[in-house]
Amino acid sequence: MVIKAKENAWVSLSADGKKMWEGILQADQQRAVRAEKQIVLTTGNAGGLDVSYNGKALGALGNESEVRTLTFTATGLVQ
C-alpha cells in the first residue's frame with residue numbers, strides 16, 4: 001500500500017497487528033507499507049490522501065477532514 005498526502009493528514013498504519021507508523025503526513029509526502037495478511041489505515045483527513053493498494057489507485061477514501069479507519073486484506077478493502 002502506498003499513501004500519498006494531497007493535504008496534511010494525521011495517519012496511523014498497522015500491518016499484521018503491529019503499528020508501523022503514526023504521525024502527520026505532510027502534503028506531497030508518502031508512506032508505503034507491506035503486510036502478509038492485513039493493513040489497517042486510520043486517518044483524520046480521508047479526503048486528503050490518495051491510496052494505492054496492490055498497484056491499483058483507489059483515490060481518496062472519504063471526504064476532507066473525515067475520520068476513517070479502513071481495513072485491507074489480500075483481497076482488498078473490507079467494507
# chains A, B, ... in the order shown; residues from 1 in each chain; ligands from 1
>>> residues_around(residues="segment 8-25 of chain A", least_positions_apart="3", cutoff="6 Å", atoms="only C-alpha atoms", output="list in words")
Ala35, Lys37, Gln38, Ile39, Val40, Leu41, Thr42, Thr43, Gly44 and Asn45 of chain A
>>> atom_distance(atom1="atom CA of Ala27 of chain A", atom2="atom CA of Gly47 of chain A")
12.1 Å
>>> select_by_dssp(residues="segment 6-57 of chain A", states="strand (DSSP E)", output="VMD selection string")
chain A and resid 9 to 15 18 to 25 30 to 32 38 to 43 49 to 53 56 to 57
>>> write_last_selection(atoms="C-alpha atoms", output="PDB file, in the first residue's frame")
ATOM      1  CA  ALA A   9      -3.303  14.430   7.318  1.00  0.00           C
ATOM      2  CA  TRP A  10      -2.862  12.514  10.556  1.00  0.00           C
ATOM      3  CA  VAL A  11      -2.270   8.849   9.679  1.00  0.00           C
ATOM      4  CA  SER A  12      -1.841   5.638  11.644  1.00  0.00           C
ATOM      5  CA  LEU A  13      -0.704   2.497   9.802  1.00  0.00           C
ATOM      6  CA  SER A  14      -0.702  -1.035  11.201  1.00  0.00           C
ATOM      7  CA  ALA A  15       0.423  -4.170   9.360  1.00  0.00           C
ATOM      8  CA  LYS A  18       1.842  -4.173  14.502  1.00  0.00           C
ATOM      9  CA  LYS A  19       1.852  -0.372  14.415  1.00  0.00           C
ATOM     10  CA  MET A  20       4.199   0.599  11.594  1.00  0.00           C
ATOM     11  CA  TRP A  21       3.890   4.375  11.640  1.00  0.00           C
ATOM     12  CA  GLU A  22       1.810   7.162  13.141  1.00  0.00           C
ATOM     13  CA  GLY A  23       2.049  10.894  12.609  1.00  0.00           C
ATOM     14  CA  ILE A  24       1.237  13.812  10.356  1.00  0.00           C
ATOM     15  CA  LEU A  25       1.797  13.077   6.699  1.00  0.00           C
ATOM     16  CA  GLN A  30       4.078   9.470   1.018  1.00  0.00           C
ATOM     17  CA  ARG A  31       4.410   6.280   3.032  1.00  0.00           C
ATOM     18  CA  ALA A  32       4.474   2.684   1.870  1.00  0.00           C
ATOM     19  CA  GLN A  38      -3.905  -7.187   6.914  1.00  0.00           C
ATOM     20  CA  ILE A  39      -3.261  -3.437   6.841  1.00  0.00           C
ATOM     21  CA  VAL A  40      -5.295  -1.036   8.966  1.00  0.00           C
ATOM     22  CA  LEU A  41      -5.229   2.628   7.946  1.00  0.00           C
ATOM     23  CA  THR A  42      -6.703   5.285  10.237  1.00  0.00           C
ATOM     24  CA  THR A  43      -6.722   8.921   9.181  1.00  0.00           C
ATOM     25  CA  LEU A  49      -4.986  11.148   0.891  1.00  0.00           C
ATOM     26  CA  ASP A  50      -4.552   9.208  -2.328  1.00  0.00           C
ATOM     27  CA  VAL A  51      -4.186   5.486  -1.700  1.00  0.00           C
ATOM     28  CA  SER A  52      -2.853   2.746  -3.976  1.00  0.00           C
ATOM     29  CA  TYR A  53      -3.271  -0.891  -2.968  1.00  0.00           C
ATOM     30  CA  LYS A  56      -4.270  -0.154  -8.071  1.00  0.00           C
ATOM     31  CA  ALA A  57      -5.090   3.515  -7.424  1.00  0.00           C
TER      32      ALA A  57
END
>>> atom_distance(atom1="atom CA of Ser65 of chain A", atom2="atom CA of Asp28 of chain A")
17.0 Å
>>> residues_around(residues="Gly48 of chain A", least_positions_apart="6", cutoff="6 Å", atoms="only C-alpha atoms", output="PDB file with N, CA and C atoms, in the first residue's frame")
ATOM      1  N   ALA A   5      -0.090  12.027   0.515  1.00  0.00           N
ATOM      2  CA  ALA A   5      -0.907  13.125   1.036  1.00  0.00           C
ATOM      3  C   ALA A   5      -1.050  14.230   0.003  1.00  0.00           C
ATOM      4  N   LYS A   6      -2.291  14.616  -0.275  1.00  0.00           N
ATOM      5  CA  LYS A   6      -2.570  15.801  -1.084  1.00  0.00           C
ATOM      6  C   LYS A   6      -2.636  17.016  -0.168  1.00  0.00           C
ATOM      7  N   GLU A   7      -3.032  16.760   1.077  1.00  0.00           N
ATOM      8  CA  GLU A   7      -3.122  17.771   2.130  1.00  0.00           C
ATOM      9  C   GLU A   7      -2.536  17.144   3.389  1.00  0.00           C
ATOM     10  N   GLU A  64     -12.907  15.443   2.896  1.00  0.00           N
ATOM     11  CA  GLU A  64     -11.925  16.259   3.594  1.00  0.00           C
ATOM     12  C   GLU A  64     -12.289  16.329   5.081  1.00  0.00           C
TER      13      GLU A  64
END
>>> atom_distance(atom1="atom CA of Lys4 of chain A", atom2="atom CA of Glu36 of chain A")
21.3 Å
>>> decode(residues="chain A", atoms="C-alpha atoms", output="PDB file, in the first residue's frame")
ATOM      1  CA  MET A   1       0.000   0.000   0.000  1.00  0.00           C
ATOM      2  CA  VAL A   2       1.199   3.487  -0.825  1.00  0.00           C
ATOM      3  CA  ILE A   3      -0.407   6.512   0.807  1.00  0.00           C
ATOM      4  CA  LYS A   4       0.289   9.947  -0.651  1.00  0.00           C
ATOM      5  CA  ALA A   5      -0.907  13.125   1.036  1.00  0.00           C
ATOM      6  CA  LYS A   6      -2.570  15.801  -1.084  1.00  0.00           C
ATOM      7  CA  GLU A   7      -3.122  17.771   2.130  1.00  0.00           C
ATOM      8  CA  ASN A   8      -1.688  17.418   5.625  1.00  0.00           C
ATOM      9  CA  ALA A   9      -3.303  14.430   7.318  1.00  0.00           C
ATOM     10  CA  TRP A  10      -2.862  12.514  10.556  1.00  0.00           C
ATOM     11  CA  VAL A  11      -2.270   8.849   9.679  1.00  0.00           C
ATOM     12  CA  SER A  12      -1.841   5.638  11.644  1.00  0.00           C
ATOM     13  CA  LEU A  13      -0.704   2.497   9.802  1.00  0.00           C
ATOM     14  CA  SER A  14      -0.702  -1.035  11.201  1.00  0.00           C
ATOM     15  CA  ALA A  15       0.423  -4.170   9.360  1.00  0.00           C
ATOM     16  CA  ASP A  16      -0.483  -7.638  10.628  1.00  0.00           C
ATOM     17  CA  GLY A  17      -1.354  -6.212  14.044  1.00  0.00           C
ATOM     18  CA  LYS A  18       1.842  -4.173  14.502  1.00  0.00           C
ATOM     19  CA  LYS A  19       1.852  -0.372  14.415  1.00  0.00           C
ATOM     20  CA  MET A  20       4.199   0.599  11.594  1.00  0.00           C
ATOM     21  CA  TRP A  21       3.890   4.375  11.640  1.00  0.00           C
ATOM     22  CA  GLU A  22       1.810   7.162  13.141  1.00  0.00           C
ATOM     23  CA  GLY A  23       2.049  10.894  12.609  1.00  0.00           C
ATOM     24  CA  ILE A  24       1.237  13.812  10.356  1.00  0.00           C
ATOM     25  CA  LEU A  25       1.797  13.077   6.699  1.00  0.00           C
ATOM     26  CA  GLN A  26       2.587  16.449   5.127  1.00  0.00           C
ATOM     27  CA  ALA A  27       1.230  17.417   1.711  1.00  0.00           C
ATOM     28  CA  ASP A  28       3.260  15.717  -1.065  1.00  0.00           C
ATOM     29  CA  GLN A  29       4.795  13.160   1.321  1.00  0.00           C
ATOM     30  CA  GLN A  30       4.078   9.470   1.018  1.00  0.00           C
ATOM     31  CA  ARG A  31       4.410   6.280   3.032  1.00  0.00           C
ATOM     32  CA  ALA A  32       4.474   2.684   1.870  1.00  0.00           C
ATOM     33  CA  VAL A  33       3.634  -0.367   3.950  1.00  0.00           C
ATOM     34  CA  ARG A  34       3.505  -4.113   3.264  1.00  0.00           C
ATOM     35  CA  ALA A  35       1.749  -6.879   5.146  1.00  0.00           C
ATOM     36  CA  GLU A  36       1.158 -10.603   4.871  1.00  0.00           C
ATOM     37  CA  LYS A  37      -2.488 -10.576   5.967  1.00  0.00           C
ATOM     38  CA  GLN A  38      -3.905  -7.187   6.914  1.00  0.00           C
ATOM     39  CA  ILE A  39      -3.261  -3.437   6.841  1.00  0.00           C
ATOM     40  CA  VAL A  40      -5.295  -1.036   8.966  1.00  0.00           C
ATOM     41  CA  LEU A  41      -5.229   2.628   7.946  1.00  0.00           C
ATOM     42  CA  THR A  42      -6.703   5.285  10.237  1.00  0.00           C
ATOM     43  CA  THR A  43      -6.722   8.921   9.181  1.00  0.00           C
ATOM     44  CA  GLY A  44      -8.154  12.224  10.296  1.00  0.00           C
ATOM     45  CA  ASN A  45      -8.406  13.528   6.717  1.00  0.00           C
ATOM     46  CA  ALA A  46      -9.638  10.779   4.394  1.00  0.00           C
ATOM     47  CA  GLY A  47     -10.161  13.239   1.540  1.00  0.00           C
ATOM     48  CA  GLY A  48      -6.582  14.486   1.794  1.00  0.00           C
ATOM     49  CA  LEU A  49      -4.986  11.148   0.891  1.00  0.00           C
ATOM     50  CA  ASP A  50      -4.552   9.208  -2.328  1.00  0.00           C
ATOM     51  CA  VAL A  51      -4.186   5.486  -1.700  1.00  0.00           C
ATOM     52  CA  SER A  52      -2.853   2.746  -3.976  1.00  0.00           C
ATOM     53  CA  TYR A  53      -3.271  -0.891  -2.968  1.00  0.00           C
ATOM     54  CA  ASN A  54      -1.528  -3.745  -4.801  1.00  0.00           C
ATOM     55  CA  GLY A  55      -0.658  -1.294  -7.583  1.00  0.00           C
ATOM     56  CA  LYS A  56      -4.270  -0.154  -8.071  1.00  0.00           C
ATOM     57  CA  ALA A  57      -5.090   3.515  -7.424  1.00  0.00           C
ATOM     58  CA  LEU A  58      -8.067   3.836  -5.085  1.00  0.00           C
ATOM     59  CA  GLY A  59      -8.020   7.648  -4.907  1.00  0.00           C
ATOM     60  CA  ALA A  60      -9.416   9.455  -1.884  1.00  0.00           C
ATOM     61  CA  LEU A  61     -11.162   7.212   0.642  1.00  0.00           C
ATOM     62  CA  GLY A  62     -13.549   9.779   2.057  1.00  0.00           C
ATOM     63  CA  ASN A  63     -14.237  13.473   2.470  1.00  0.00           C
ATOM     64  CA  GLU A  64     -11.925  16.259   3.594  1.00  0.00           C
ATOM     65  CA  SER A  65     -11.441  16.175   7.400  1.00  0.00           C
ATOM     66  CA  GLU A  66     -13.383  12.879   7.629  1.00  0.00           C
ATOM     67  CA  VAL A  67     -12.023  10.447  10.219  1.00  0.00           C
ATOM     68  CA  ARG A  68     -11.933   6.901   8.861  1.00  0.00           C
ATOM     69  CA  THR A  69     -10.490   3.546   9.795  1.00  0.00           C
ATOM     70  CA  LEU A  70     -10.108   1.184   6.831  1.00  0.00           C
ATOM     71  CA  THR A  71      -9.019  -2.435   6.814  1.00  0.00           C
ATOM     72  CA  PHE A  72      -7.335  -4.031   3.811  1.00  0.00           C
ATOM     73  CA  THR A  73      -6.751  -7.756   3.334  1.00  0.00           C
ATOM     74  CA  ALA A  74      -5.211  -9.734   0.487  1.00  0.00           C
ATOM     75  CA  THR A  75      -8.461  -9.305  -1.484  1.00  0.00           C
ATOM     76  CA  GLY A  76      -8.667  -5.530  -0.989  1.00  0.00           C
ATOM     77  CA  LEU A  77     -10.685  -3.101   1.099  1.00  0.00           C
ATOM     78  CA  VAL A  78     -13.006  -4.716   3.635  1.00  0.00           C
ATOM     79  CA  GLN A  79     -16.218  -2.700   3.919  1.00  0.00           C
TER      80      GLN A  79
END
